[in-house]
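Coordinates from upload_36.txt are shown below (compact mmCIF, C-alpha atoms and all ligand atoms).
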```
# COMPACT_ATOMS: atom_id res chain seq x y z
CA MET A 8 162.60 119.90 107.03
CA ALA A 9 163.98 123.38 106.52
CA ASP A 10 162.47 126.35 108.29
CA PRO A 11 160.34 128.47 105.99
CA VAL A 12 161.40 131.71 107.60
CA SER A 13 164.86 132.53 106.29
CA ARG A 14 167.75 133.53 108.53
CA ARG A 15 167.80 136.92 106.88
CA ASP A 16 164.24 137.62 107.98
CA VAL A 17 164.66 136.38 111.54
CA VAL A 18 166.92 138.74 113.34
CA LYS A 19 167.05 137.31 116.83
CA GLY A 20 168.43 133.92 115.76
CA GLY A 21 171.88 135.44 115.42
CA ALA A 22 174.97 135.27 117.59
CA ALA A 23 174.72 138.93 118.56
CA PHE A 24 171.44 138.21 120.25
CA LEU A 25 172.71 135.14 122.03
CA SER A 26 175.24 137.19 123.94
CA ALA A 27 172.62 139.75 124.90
CA ALA A 28 169.92 137.45 126.19
CA ALA A 29 170.70 133.79 126.54
CA PHE A 30 173.50 134.51 128.95
CA GLY A 31 171.66 137.36 130.63
CA ASN A 32 170.79 136.88 134.26
CA TRP A 33 167.08 136.40 133.84
CA THR A 34 167.55 133.20 131.87
CA LEU A 35 169.69 131.49 134.48
CA PRO A 36 167.80 128.48 135.73
CA ILE A 37 166.36 128.96 139.19
CA LEU A 38 166.25 125.51 140.77
CA GLN A 39 164.80 124.19 143.99
CA PRO A 40 167.34 122.67 146.38
CA GLY A 41 168.00 119.12 145.12
CA GLU A 42 166.48 119.84 141.72
CA GLU A 43 168.62 119.44 138.60
CA VAL A 44 167.94 119.99 134.90
CA VAL A 45 167.89 116.81 132.82
CA PRO A 46 169.51 117.78 129.51
CA TRP A 47 167.80 116.95 126.22
CA THR A 48 169.72 114.73 123.88
CA ASP A 49 167.75 116.01 120.87
CA VAL A 50 169.20 119.53 120.96
CA PRO A 51 172.12 120.00 118.53
CA ALA A 52 175.33 120.98 120.33
CA ASN A 53 175.59 124.21 118.32
CA PHE A 54 171.92 125.14 118.81
CA ASN A 55 171.35 128.80 119.45
CA PRO A 56 168.01 129.25 121.20
CA GLY A 57 167.92 132.95 120.38
CA THR A 58 164.56 133.55 122.08
CA ALA A 59 162.61 133.06 125.28
CA LEU A 60 162.09 129.45 124.44
CA ASP A 61 165.52 128.43 125.58
CA THR A 62 164.57 124.83 126.20
CA ARG A 63 167.03 124.47 129.04
CA THR A 64 165.56 127.25 131.09
CA LEU A 65 161.87 127.72 130.30
CA ARG A 66 160.02 127.52 133.58
CA ARG A 67 157.10 129.06 135.45
CA GLU A 68 158.98 132.31 135.92
CA SER A 69 159.28 132.66 132.13
CA PHE A 70 155.51 133.12 131.74
CA MET A 71 156.06 136.68 130.51
CA THR A 72 158.66 137.03 127.78
CA PRO A 73 160.82 140.13 128.34
CA ASN A 74 160.77 142.55 125.37
CA ASP A 75 164.43 142.07 124.51
CA ASN A 76 164.00 138.31 124.42
CA PHE A 77 160.80 138.23 122.37
CA TYR A 78 161.43 136.70 118.93
CA LEU A 79 161.59 139.03 116.01
CA VAL A 80 160.54 138.66 112.37
CA GLN A 81 160.71 141.51 109.89
CA HIS A 82 160.53 140.69 106.23
CA TYR A 83 161.47 144.13 104.94
CA GLY A 84 164.01 145.02 107.61
CA GLN A 85 163.58 147.16 110.68
CA LEU A 86 161.90 150.55 110.70
CA GLN A 87 162.29 153.60 112.88
CA VAL A 88 159.02 155.54 112.67
CA ASP A 89 158.99 159.06 114.16
CA PRO A 90 156.12 159.09 116.69
CA ALA A 91 155.79 162.89 116.33
CA THR A 92 154.83 162.74 112.66
CA TYR A 93 153.15 159.32 112.82
CA ARG A 94 149.58 159.05 111.52
CA LEU A 95 147.19 156.10 111.41
CA ARG A 96 144.85 156.47 108.44
CA VAL A 97 141.49 154.72 108.28
CA THR A 98 140.33 154.72 104.67
CA GLY A 99 138.30 152.88 102.04
CA LEU A 100 134.63 151.94 102.46
CA VAL A 101 134.03 154.14 105.49
CA ASP A 102 131.69 157.13 105.89
CA ARG A 103 134.17 159.21 107.90
CA PRO A 104 137.82 158.53 106.96
CA LEU A 105 140.15 159.27 109.87
CA GLU A 106 143.71 160.35 110.42
CA LEU A 107 144.92 159.77 113.97
CA THR A 108 148.07 160.80 115.78
CA LEU A 109 149.57 158.61 118.47
CA ASP A 110 148.07 160.95 121.08
CA ASP A 111 144.63 160.64 119.46
CA LEU A 112 144.92 156.87 119.76
CA LYS A 113 146.05 157.03 123.38
CA LYS A 114 142.98 159.11 124.28
CA ARG A 115 140.74 156.25 123.21
CA LYS A 116 139.52 153.44 125.51
CA ARG A 117 142.53 151.58 126.92
CA VAL A 118 142.64 147.78 127.15
CA GLU A 119 145.37 145.36 128.24
CA GLU A 120 145.72 141.71 127.43
CA ILE A 121 148.37 139.01 127.79
CA VAL A 122 148.73 137.45 124.37
CA GLY A 123 151.07 134.64 123.35
CA PHE A 124 151.77 133.86 119.71
CA GLU A 125 154.26 132.27 117.40
CA CYS A 126 155.43 132.71 113.85
CA GLY A 127 153.67 130.41 111.38
CA GLY A 128 157.19 129.23 110.51
CA SER A 129 158.03 128.10 114.03
CA SER A 130 158.50 124.33 114.14
CA PRO A 131 160.05 121.45 116.06
CA THR A 132 163.03 121.49 113.70
CA SER A 133 163.93 124.86 115.19
CA LEU A 134 162.73 123.73 118.66
CA ASN A 135 159.73 126.04 118.17
CA ARG A 136 161.84 128.99 119.18
CA LEU A 137 159.84 131.68 117.33
CA THR A 138 157.33 132.20 120.09
CA GLY A 139 156.65 134.51 123.03
CA ASN A 140 154.08 135.80 125.50
CA ALA A 141 153.68 139.45 126.49
CA ARG A 142 151.26 141.95 127.99
CA TRP A 143 150.02 144.34 125.32
CA ALA A 144 148.17 147.61 125.90
CA GLY A 145 146.21 149.59 123.34
CA THR A 146 142.68 150.19 122.15
CA PRO A 147 140.07 147.86 120.63
CA LEU A 148 140.04 147.89 116.83
CA ARG A 149 136.28 147.29 116.84
CA ASP A 150 135.47 150.65 118.45
CA LEU A 151 137.53 152.50 115.86
CA LEU A 152 135.82 150.66 112.99
CA ARG A 153 132.46 151.57 114.47
CA ASP A 154 133.43 155.23 114.76
CA VAL A 155 134.39 155.58 111.08
CA GLY A 156 131.07 154.12 109.90
CA LEU A 157 131.82 151.04 107.82
CA GLN A 158 129.76 151.01 104.65
CA PRO A 159 127.39 148.04 104.20
CA HIS A 160 129.48 146.51 101.41
CA ALA A 161 132.73 146.51 103.43
CA ARG A 162 133.80 142.88 103.82
CA GLU A 163 137.50 142.90 104.40
CA ILE A 164 139.80 145.07 106.54
CA VAL A 165 143.39 145.42 105.33
CA PHE A 166 146.20 146.48 107.68
CA TYR A 167 149.32 148.04 106.19
CA GLY A 168 152.72 148.53 107.78
CA ALA A 169 155.04 151.40 106.95
CA ASP A 170 157.73 148.92 105.84
CA LYS A 171 157.95 148.00 102.18
CA GLY A 172 159.93 146.00 99.67
CA MET A 173 160.11 144.94 96.03
CA GLU A 174 157.78 142.10 95.12
CA THR A 175 157.40 140.19 91.87
CA VAL A 176 153.81 140.30 90.64
CA THR A 177 152.60 138.09 87.80
CA HIS A 178 149.78 138.88 85.40
CA GLY A 179 149.41 135.90 83.12
CA ARG A 180 152.88 135.45 81.62
CA ALA A 181 154.02 138.98 82.37
CA THR A 182 155.89 139.71 85.58
CA GLN A 183 156.84 143.02 87.08
CA GLU A 184 158.62 144.27 90.15
CA VAL A 185 156.48 146.49 92.35
CA GLU A 186 157.39 148.12 95.65
CA GLN A 187 154.72 147.22 98.20
CA HIS A 188 153.98 147.76 101.86
CA PHE A 189 153.70 144.83 104.27
CA GLY A 190 149.99 144.01 104.41
CA ARG A 191 147.64 141.51 106.02
CA SER A 192 143.88 141.41 106.22
CA LEU A 193 141.02 140.09 108.31
CA ALA A 194 137.51 139.27 107.18
CA LEU A 195 135.09 141.78 108.73
CA ASP A 196 133.79 139.26 111.30
CA ASP A 197 137.31 138.58 112.54
CA ALA A 198 138.23 142.26 112.59
CA MET A 199 135.17 143.01 114.76
CA LYS A 200 136.11 140.47 117.45
CA PRO A 201 136.40 142.36 120.76
CA GLU A 202 139.91 141.05 121.49
CA VAL A 203 141.63 142.52 118.42
CA MET A 204 143.81 145.42 119.56
CA ILE A 205 145.74 148.38 118.18
CA VAL A 206 148.75 148.31 120.49
CA TRP A 207 151.37 150.84 121.64
CA GLU A 208 152.70 149.21 124.83
CA MET A 209 154.50 145.90 125.42
CA ASN A 210 155.06 144.62 128.96
CA GLY A 211 154.44 148.06 130.45
CA THR A 212 156.88 149.98 128.25
CA PRO A 213 156.32 151.85 124.99
CA LEU A 214 156.27 149.35 122.10
CA PRO A 215 159.92 148.88 121.04
CA ALA A 216 160.87 149.91 117.49
CA ASN A 217 161.67 146.33 116.46
CA HIS A 218 158.25 145.14 117.64
CA GLY A 219 156.43 147.75 115.57
CA ALA A 220 156.51 151.19 117.25
CA PRO A 221 154.65 153.39 117.45
CA VAL A 222 151.67 151.10 116.78
CA ARG A 223 150.98 147.48 115.81
CA LEU A 224 148.01 145.20 115.50
CA VAL A 225 147.61 142.23 117.88
CA VAL A 226 145.09 139.54 116.91
CA PRO A 227 144.83 137.07 119.82
CA GLY A 228 144.71 133.43 118.74
CA TRP A 229 146.31 134.08 115.33
CA TYR A 230 149.79 133.31 114.09
CA GLY A 231 152.26 136.19 114.43
CA VAL A 232 152.02 137.24 110.80
CA ALA A 233 148.58 138.75 111.53
CA ASN A 234 150.10 141.20 114.01
CA VAL A 235 151.08 143.95 111.57
CA LYS A 236 153.90 146.10 112.94
CA TRP A 237 154.50 149.82 112.20
CA MET A 238 150.82 149.92 111.22
CA ASN A 239 149.90 153.17 109.51
CA ARG A 240 146.79 152.32 107.48
CA ILE A 241 143.54 150.44 108.02
CA HIS A 242 141.62 150.07 104.76
CA ALA A 243 138.08 148.72 104.33
CA GLN A 244 137.19 147.10 101.00
CA ASP A 245 134.70 144.71 99.40
CA THR A 246 137.13 142.11 98.02
CA ARG A 247 139.69 139.78 99.53
CA TYR A 248 143.20 141.06 99.95
CA VAL A 249 145.75 138.56 98.56
CA GLY A 250 149.07 140.37 99.03
CA ARG A 251 152.28 138.38 99.48
CA PHE A 252 151.80 137.58 103.17
CA MET A 253 148.18 136.47 102.70
CA GLY A 254 148.21 134.84 99.30
CA ARG A 255 151.71 133.79 98.26
CA ASP A 256 153.96 133.59 101.31
CA TYR A 257 152.52 132.13 104.54
CA VAL A 258 150.36 129.85 102.42
CA THR A 259 149.92 126.20 103.41
CA LEU A 260 149.47 123.57 100.70
CA ASN A 261 147.80 120.47 102.08
CA ALA A 262 146.72 117.28 100.29
CA GLU A 263 143.35 116.45 101.84
CA GLN A 264 141.77 113.06 101.22
CA VAL A 265 138.04 113.53 100.69
CA GLY A 266 135.90 110.55 99.66
CA GLY A 267 138.86 108.76 98.08
CA GLU A 268 139.98 111.83 96.15
CA THR A 269 142.84 114.21 96.82
CA ILE A 270 141.99 117.88 97.21
CA TRP A 271 144.92 120.27 97.06
CA ASN A 272 143.83 122.79 99.65
CA GLU A 273 145.83 126.02 99.70
CA THR A 274 145.14 128.18 102.72
CA SER A 275 146.44 131.38 104.24
CA VAL A 276 148.20 131.05 107.62
CA ALA A 277 145.56 132.35 110.06
CA ARG A 278 144.39 130.98 113.44
CA ILE A 279 146.97 129.15 115.53
CA ARG A 280 146.65 125.39 115.14
CA VAL A 281 146.67 123.70 118.52
CA LYS A 282 150.16 122.74 119.62
CA SER A 283 152.27 122.02 122.66
CA MET A 284 155.80 121.07 123.52
CA VAL A 285 157.69 119.81 126.54
CA ALA A 286 160.47 122.36 126.94
CA ARG A 287 162.18 121.49 130.18
CA LEU A 288 162.72 118.48 132.39
CA THR A 289 164.03 118.50 135.95
CA ARG A 290 164.82 115.80 138.45
CA ASP A 291 164.74 115.84 142.25
CA GLY A 292 165.86 112.42 143.44
CA GLN A 293 163.40 110.01 141.82
CA ARG A 294 160.84 112.73 141.13
CA TYR A 295 160.71 114.10 137.55
CA THR A 296 158.90 117.24 136.41
CA ALA A 297 158.27 118.10 132.78
CA PHE A 298 157.37 121.65 131.90
CA GLY A 299 156.09 123.05 128.64
CA TYR A 300 153.75 125.42 126.84
CA ALA A 301 150.81 125.15 124.48
CA LEU A 302 149.25 127.56 122.01
CA ALA A 303 145.87 127.52 120.29
CA ASN A 304 143.20 129.67 118.71
CA ALA A 305 141.57 132.23 120.99
CA LEU A 306 139.47 129.64 122.85
CA PRO A 307 140.32 127.85 126.11
CA LEU A 308 142.26 124.60 125.68
CA ARG A 309 140.40 121.41 126.50
CA SER A 310 143.48 119.55 127.76
CA VAL A 311 147.18 118.86 127.54
CA GLU A 312 148.44 115.31 128.02
CA VAL A 313 151.95 113.96 128.46
CA ARG A 314 153.35 110.54 127.63
CA VAL A 315 156.66 109.07 128.84
CA ASP A 316 158.14 106.36 126.62
CA ASP A 317 155.31 104.03 125.56
CA GLY A 318 153.29 104.62 128.71
CA PRO A 319 149.73 105.91 128.90
CA TRP A 320 148.80 109.52 128.13
CA ARG A 321 148.37 111.39 131.41
CA LYS A 322 146.72 114.76 132.03
CA ALA A 323 149.16 117.60 132.60
CA THR A 324 148.38 120.43 135.02
CA LEU A 325 147.66 123.77 133.35
CA ASP A 326 149.38 126.63 135.16
CA SER A 327 147.28 129.04 137.21
CA GLN A 328 149.02 132.01 135.53
CA ASN A 329 147.49 131.16 132.15
CA THR A 330 144.94 133.60 130.79
CA ARG A 331 142.54 133.28 127.87
CA TYR A 332 144.93 134.51 125.16
CA SER A 333 148.30 133.80 126.82
CA TRP A 334 150.41 130.82 125.95
CA GLN A 335 149.34 127.96 128.19
CA MET A 336 152.05 126.66 130.45
CA PHE A 337 151.70 123.14 131.80
CA SER A 338 153.60 120.71 134.00
CA TYR A 339 153.56 117.02 134.68
CA SER A 340 155.37 115.16 137.50
CA TRP A 341 155.98 111.51 138.06
CA ASN A 342 158.24 109.18 140.06
CA ASP A 343 160.92 106.73 138.99
CA LEU A 344 162.52 105.95 135.66
CA PRO A 345 165.03 103.22 134.86
CA ALA A 346 168.50 104.33 133.74
CA GLY A 347 168.88 104.66 129.99
CA GLY A 348 167.38 106.61 127.06
CA HIS A 349 163.78 107.85 127.22
CA THR A 350 161.25 109.93 125.32
CA ILE A 351 158.58 112.36 126.43
CA VAL A 352 155.90 113.99 124.30
CA SER A 353 152.85 116.20 124.87
CA ARG A 354 149.62 116.67 122.95
CA ALA A 355 147.04 119.43 123.34
CA VAL A 356 143.34 119.41 122.45
CA ASP A 357 141.64 122.69 121.58
CA ALA A 358 138.15 123.89 122.47
CA HIS A 359 136.65 122.33 119.34
CA GLY A 360 138.10 118.93 120.26
CA VAL A 361 140.82 119.14 117.61
CA MET A 362 143.90 117.24 118.79
CA GLN A 363 147.47 118.22 118.03
CA PRO A 364 148.48 115.81 115.24
CA GLU A 365 151.37 113.38 115.25
CA GLN A 366 154.25 114.56 113.09
CA SER A 367 153.55 111.74 110.59
CA MET A 368 150.05 113.13 110.01
CA LEU A 369 151.56 116.32 108.65
CA GLU A 370 153.32 114.56 105.81
CA GLN A 371 150.54 115.35 103.36
CA LYS A 372 151.42 118.98 103.88
CA LYS A 373 153.76 120.19 101.16
CA THR A 374 154.78 123.37 102.93
CA ASN A 375 156.39 123.85 106.34
CA TRP A 376 154.07 126.54 107.66
CA GLU A 377 151.91 125.75 110.71
CA ASN A 378 153.98 122.76 111.85
CA ASN A 379 152.04 121.96 115.01
CA GLY A 380 153.03 118.29 115.14
CA GLN A 381 153.62 116.48 118.41
CA PHE A 382 157.27 116.92 119.34
CA VAL A 383 158.92 113.83 120.83
CA ARG A 384 161.77 114.91 123.11
CA LYS A 385 164.70 112.66 124.04
CA PHE A 386 166.76 112.42 127.22
CA THR A 387 169.02 109.97 129.02
CA ILE A 388 169.35 109.31 132.74
N1 LIG A 401 154.98 145.46 109.19
C1 LIG A 401 155.32 144.18 109.45
N2 LIG A 401 154.61 143.50 110.37
C2 LIG A 401 154.93 142.22 110.65
C3 LIG A 401 155.99 141.56 110.00
C4 LIG A 401 156.73 142.31 109.04
O1 LIG A 401 157.70 141.81 108.44
N3 LIG A 401 156.38 143.62 108.81
N4 LIG A 401 156.24 140.25 110.28
C5 LIG A 401 155.12 139.47 110.79
C6 LIG A 401 155.48 138.15 111.23
S1 LIG A 401 155.71 137.00 110.02
C7 LIG A 401 155.53 137.81 112.56
S2 LIG A 401 155.79 136.21 113.03
C8 LIG A 401 155.34 138.83 113.61
C9 LIG A 401 156.51 138.85 114.56
O2 LIG A 401 156.30 139.82 115.54
P1 LIG A 401 157.50 140.22 116.49
O3 LIG A 401 158.68 140.52 115.61
O4 LIG A 401 157.07 141.35 117.31
O5 LIG A 401 157.75 138.98 117.32
O6 LIG A 401 155.19 140.12 113.08
C10 LIG A 401 154.39 140.20 111.93
N5 LIG A 401 154.17 141.59 111.58
MO MO A 402 155.96 134.99 110.96
```

Please re-express this file's structure in structure tokens.
Ligand SMILES: Nc1nc2c(c(=O)[nH]1)N[C@H]1C(S)=C(S)[C@@H](COP(=O)(O)O)O[C@H]1N2
Ligand SMILES: [Mo]
Amino acid sequence: MADPVSRRDVVKGGAAFLSAAAFGNWTLPILQPGEEVVPWTDVPANFNPGTALDTRTLRRESFMTPNDNFYLVQHYGQLQVDPATYRLRVTGLVDRPLELTLDDLKKRKRVEEIVGFECGGSSPTSLNRLTGNARWAGTPLRDLLRDVGLQPHAREIVFYGADKGMETVTHGRATQEVEQHFGRSLALDDAMKPEVMIVWEMNGTPLPANHGAPVRLVVPGWYGVANVKWMNRIHAQDTRYVGRFMGRDYVTLNAEQVGGETIWNETSVARIRVKSMVARLTRDGQRYTAFGYALANALPLRSVEVRVDDGPWRKATLDSQNTRYSWQMFSYSWNDLPAGGHTIVSRAVDAHGVMQPEQSMLEQKKTNWENNGQFVRKFTI
């Protein structure tokens, strides 16, 4: 399966980035005496990890993804927004429209949260590399929406970035090219969740330009596409917003079997579908330790289990560093393995009891977004 996010749109997959980060000191594996990394045999020789999820080195110490190693997606290229002239406008179905400077925003209530997310286009075929976990600081969106006085018929909140590009829009048989801003929306209920943040800091430093400076949205538990960068407008309206990144791109087409009939369900990429992956395997004598991460919607995970070869599923240990909205690191150790080729796979279960599906269960999906399938890793000892 091809990755739905094109090379052009993903900047940190490139060779330039590899030299900057993958060989940087922080990624060098730190091993216990006697411990050695067991290499995967499912990683192509020319694979360029390009992000924090370098599967050879992910380990406990990688819980926080450094800013310059956090994956990067920008569909309309990278922007440099002048913080001095920057304004965030709150418009639409509100009693008191607002125009805020960066300083105005910073005077508001400050909150910090560790949030992990991935691009809806991240998948096992790319070793799930479009993912990261960082500490974000900003102010709750909810308070701002309360201050502007949402009108009773406001149902949808649209978030616009300053970046824009030409899009083809069809009206019946007619098509036209229209220059549009990047936009995403949340239903009012989702926008009013206390965890949704307007963010200007990443890992204790001002938000970097490529991650959306001066200000971006962070919606914990949602795929990365919800986290609008270079955000300069929040607009309340009474109808659904169906711009490219809600209604045409980042749309999953799934054949659902309901009562013997096929329903073609087309849905917008939204909350993270529960997933996990074993990223790293080490060996210390006869003792093996698998290490990986899981992601889910904004609720606590129920469990992560690991299976070696055709053995039983065993509970993995969730790391004590994990927080409610962070990615969830896990480990699993066992003794003894015969020489030869082996497999290892993990599966996570979310708070609703939804289990990460086997890859074969995703075959009824006609698009490659939200590929949360169980990822069987291979190694030889
Ligand atoms: N304004 C704007 N915001 C955006 C995007 C974009 O192209 N423009 N890309 C989205 C997508 S698809 C993802 S996965 C995340 C990536 O965030 P990051 O580059 O900080 O990792 O940003 C989202 N926010
Ligand atoms: Mo994305």

Write out as a PyMOL selection string the residues lying within 9 Å of segment 341-352 of chain A, counting all atoms listed in the file and excluding same-chain residues fewer than 5 positions away. chain A and resi 283-285+292-297+312-317+381-388

Ligand LIG 401 (chain A) neighbours within 9 Å using all atoms listed in the file, as JSON, numbers by chain: {"A": [12, 16, 17, 18, 74, 77, 78, 79, 80, 81, 82, 83, 84, 85, 86, 124, 125, 126, 127, 128, 129, 137, 138, 139, 166, 167, 168, 169, 170, 171, 188, 189, 190, 191, 215, 217, 218, 219, 223, 224, 230, 231, 232, 233, 234, 235, 236, 237, 238, 252, 257]}

Could you pull the residues within 9 Å of Thr246 of chain A, counting all atoms listed in the file, minus those fewer than 5 positions along the same chain, as an mmCIF file with C-alpha atoms, in the coordinates of the input?
```cif
data_model
loop_
_atom_site.group_PDB
_atom_site.id
_atom_site.type_symbol
_atom_site.label_atom_id
_atom_site.label_comp_id
_atom_site.auth_asym_id
_atom_site.auth_seq_id
_atom_site.Cartn_x
_atom_site.Cartn_y
_atom_site.Cartn_z
ATOM 1 C CA ALA A 161 132.730 146.510 103.430
ATOM 2 C CA ARG A 162 133.800 142.880 103.820
ATOM 3 C CA GLU A 163 137.500 142.900 104.400
#
```

Find the residues around Arg96 of chain A up to 6 Å (all atoms listed in the file counted), leave out those fewer than 4 positions away in its own chain, and share them as a list in words.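 The neighbour list is Leu105, Glu106 and Arg240 of chain A.
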
In Å, with one decimal, what is the gap from atom CA of Pro104 of chain A to atom CA of Arg153 of chain A?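 Separation between atom CA of Pro104 of chain A and atom CA of Arg153 of chain A: 11.6 Å.
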
Nearest candidate to Arg290 of chain A (options A:Glu43, A:Leu38, A:Pro73, A:Gly145; using all atoms listed in the file):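 Among A:Glu43, A:Leu38, A:Pro73, A:Gly145, it is A:Glu43 that comes nearest to Arg290 of chain A.
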
Report as lines of an AutoDock Vina configuration file the centre and the edge lengths, in Å to one decimal, of the axis-aligned box holding every listed atom of segment 345-350 of chain A, padded by 3 Å on each side.
```
center_x = 165.1
center_y = 106.6
center_z = 130.1
size_x = 13.6
size_y = 12.7
size_z = 15.5
```

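Neighbours of Asp256 of chain A closer than or equal to 9 Å, with all atoms listed in the file counted and sequence neighbours fewer than 6 positions away skipped, come out as Gly250, Ser275 and Val276 of chain A.
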
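Nearest to ligand MO 402 (chain A) of all the residues A:Arg136, A:Tyr332, A:Gly380, A:Ala323 is A:Arg136, based on only C-alpha atoms and all ligand atoms.
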
Using only C-alpha atoms for the distances, tell me which of A:Arg309, A:Arg287, A:Lys282, A:Arg117 is nearest to Pro364 of chain A.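 When distances to Pro364 of chain A are compared using only C-alpha atoms, the smallest one comes from A:Lys282.
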
For Arg103 of chain A, list every protein, DNA or RNA residue within 8 Å, evaluated using all atoms listed in the file, and leave out those in the same chain fewer than 5 positions away; present the list as a VMD selection string. chain A and resid 154 to 156

In terms of the shortest atom-to-atom distance over all atoms listed in the file, which of A:Pro201, A:Trp320, A:Phe298, A:Ile279 is closest to ligand MO 402 (chain A)? A:Ile279

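Among the candidate residues A:Ser133, A:Ser338, A:Ser333, A:Asn53, the one lying nearest to Arg321 of chain A is A:Ser338, with distances computed using all atoms listed in the file.
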
To one decimal place in Å, what is the distance between atom CA of Ser367 of chain A and atom CA of Tyr300 of chain A?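 Taking atom CA of Ser367 of chain A as the start and atom CA of Tyr300 of chain A as the end point, the length is 21.2 Å.
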
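In this structure, atom CA of Pro51 of chain A sits 28.8 Å away from atom CA of Val258 of chain A.
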
For each of A:Phe337, A:Trp143, A:Trp271, A:Trp376, take the minimum atom-to-atom distance to ligand MO 402 (chain A), counting all atoms listed in the file, then give the residue where this is smallest. A:Trp376
